[in-house]
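Please read the structure below before turning to the comments.
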Amino acid sequence: MQEAFILVTAANHEIVVRVIPDRAELARLLLGAGKKFSPQRDGVAELAAEREADG
């Protein structure tokens with residue numbers, strides 16, 4: 001379920017509506033967002049190797 005944030009201003013007679021995504025939609029939007037900064041890296045494999053090294 002998405003929520004909407006509504007701002008009403010009387011000075012210039014406008015209504016601004018901003019849809020606030022729910023947690024699932026926000027997670028979908030953020031999924032893989034940083035991949036473009038380092039496409040050659042495999043973060044999951046690096047984390048697994050780090051955890052194995054720690055014991």
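Numbering starts fresh at 1 for the residues of each chain in the structure tokens, the chains themselves are lettered A, B, ... in the order given, and ligands are numbered from 1 as they appear.
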Inset, instruction - Can you list, as a ChimeraX atom specification, all residues belonging to chain A that DSSP tags as strand (DSSP E)? - result: /A:3-9,14-20
Would you save the residues from that selection as a CSV table (one decimal), in the first residue's frame, using C-alpha atoms?
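Okay, this is what ended up in selection01.csv:
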```
chain,number,residue,atom,x,y,z
A,3,GLU,CA,0.9,6.5,0.9
A,4,ALA,CA,0.5,10.0,-0.5
A,5,PHE,CA,1.9,13.1,1.0
A,6,ILE,CA,-0.3,16.1,0.1
A,7,LEU,CA,0.8,19.7,0.5
A,8,VAL,CA,-1.8,22.5,-0.1
A,9,THR,CA,-0.6,26.0,-0.4
A,14,GLU,CA,-1.5,24.7,-6.0
A,15,ILE,CA,-1.7,21.2,-4.6
A,16,VAL,CA,1.5,19.1,-4.6
A,17,VAL,CA,1.1,15.3,-4.2
A,18,ARG,CA,4.1,13.1,-3.7
A,19,VAL,CA,3.6,9.3,-3.6
A,20,ILE,CA,5.6,7.7,-0.9
```
Inset, instruction - Could you pull out the residues in chain A that DSSP calls alpha helix (DSSP H) from the backbone, as JSON, numbers by chain? - result: {"A": [23, 24, 25, 26, 27, 28, 29, 30, 43, 44, 45, 46, 47, 48, 49, 50, 51, 52, 53, 54]}
Let me see the file: selected residues, N, CA and C atoms, as a JSON list (two decimals), in the first residue's frame.
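out.json was written with the following content:
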```json
[["chain", "number", "residue", "atom", "x", "y", "z"],
["A", 23, "ARG", "N", 7.40, -0.24, 1.71],
["A", 23, "ARG", "CA", 8.71, -0.87, 1.89],
["A", 23, "ARG", "C", 9.07, -1.80, 0.74],
["A", 24, "ALA", "N", 8.11, -2.56, 0.24],
["A", 24, "ALA", "CA", 8.38, -3.50, -0.85],
["A", 24, "ALA", "C", 8.77, -2.75, -2.12],
["A", 25, "GLU", "N", 8.05, -1.69, -2.43],
["A", 25, "GLU", "CA", 8.35, -0.91, -3.63],
["A", 25, "GLU", "C", 9.71, -0.22, -3.49],
["A", 26, "LEU", "N", 10.01, 0.30, -2.31],
["A", 26, "LEU", "CA", 11.30, 0.94, -2.08],
["A", 26, "LEU", "C", 12.44, -0.07, -2.22],
["A", 27, "ALA", "N", 12.25, -1.28, -1.71],
["A", 27, "ALA", "CA", 13.27, -2.32, -1.84],
["A", 27, "ALA", "C", 13.47, -2.68, -3.31],
["A", 28, "ARG", "N", 12.38, -2.76, -4.08],
["A", 28, "ARG", "CA", 12.49, -3.08, -5.50],
["A", 28, "ARG", "C", 13.25, -1.98, -6.25],
["A", 29, "LEU", "N", 13.00, -0.72, -5.88],
["A", 29, "LEU", "CA", 13.68, 0.39, -6.53],
["A", 29, "LEU", "C", 15.18, 0.42, -6.21],
["A", 30, "LEU", "N", 15.53, 0.02, -4.99],
["A", 30, "LEU", "CA", 16.93, 0.07, -4.56],
["A", 30, "LEU", "C", 17.72, -1.18, -4.93],
["A", 43, "GLY", "N", 29.47, -8.80, -4.90],
["A", 43, "GLY", "CA", 29.39, -8.48, -3.48],
["A", 43, "GLY", "C", 29.04, -9.68, -2.60],
["A", 44, "VAL", "N", 28.18, -10.56, -3.09],
["A", 44, "VAL", "CA", 27.79, -11.73, -2.30],
["A", 44, "VAL", "C", 28.98, -12.66, -2.12],
["A", 45, "ALA", "N", 29.74, -12.90, -3.18],
["A", 45, "ALA", "CA", 30.91, -13.77, -3.08],
["A", 45, "ALA", "C", 31.96, -13.16, -2.16],
["A", 46, "GLU", "N", 32.14, -11.84, -2.24],
["A", 46, "GLU", "CA", 33.10, -11.17, -1.36],
["A", 46, "GLU", "C", 32.68, -11.28, 0.10],
["A", 47, "LEU", "N", 31.39, -11.13, 0.37],
["A", 47, "LEU", "CA", 30.91, -11.24, 1.74],
["A", 47, "LEU", "C", 31.08, -12.67, 2.25],
["A", 48, "ALA", "N", 30.78, -13.66, 1.43],
["A", 48, "ALA", "CA", 30.93, -15.05, 1.83],
["A", 48, "ALA", "C", 32.41, -15.36, 2.14],
["A", 49, "ALA", "N", 33.32, -14.89, 1.30],
["A", 49, "ALA", "CA", 34.75, -15.12, 1.53],
["A", 49, "ALA", "C", 35.21, -14.44, 2.81],
["A", 50, "GLU", "N", 34.72, -13.24, 3.05],
["A", 50, "GLU", "CA", 35.08, -12.51, 4.27],
["A", 50, "GLU", "C", 34.59, -13.24, 5.51],
["A", 51, "ARG", "N", 33.37, -13.73, 5.45],
["A", 51, "ARG", "CA", 32.82, -14.47, 6.60],
["A", 51, "ARG", "C", 33.59, -15.77, 6.84],
["A", 52, "GLU", "N", 34.01, -16.47, 5.76],
["A", 52, "GLU", "CA", 34.80, -17.69, 5.93],
["A", 52, "GLU", "C", 36.15, -17.38, 6.55],
["A", 53, "ALA", "N", 36.75, -16.26, 6.15],
["A", 53, "ALA", "CA", 38.06, -15.87, 6.68],
["A", 53, "ALA", "C", 37.97, -15.53, 8.16],
["A", 54, "ASP", "N", 36.83, -14.96, 8.58],
["A", 54, "ASP", "CA", 36.65, -14.59, 9.98],
["A", 54, "ASP", "C", 36.44, -15.81, 10.87]]
```
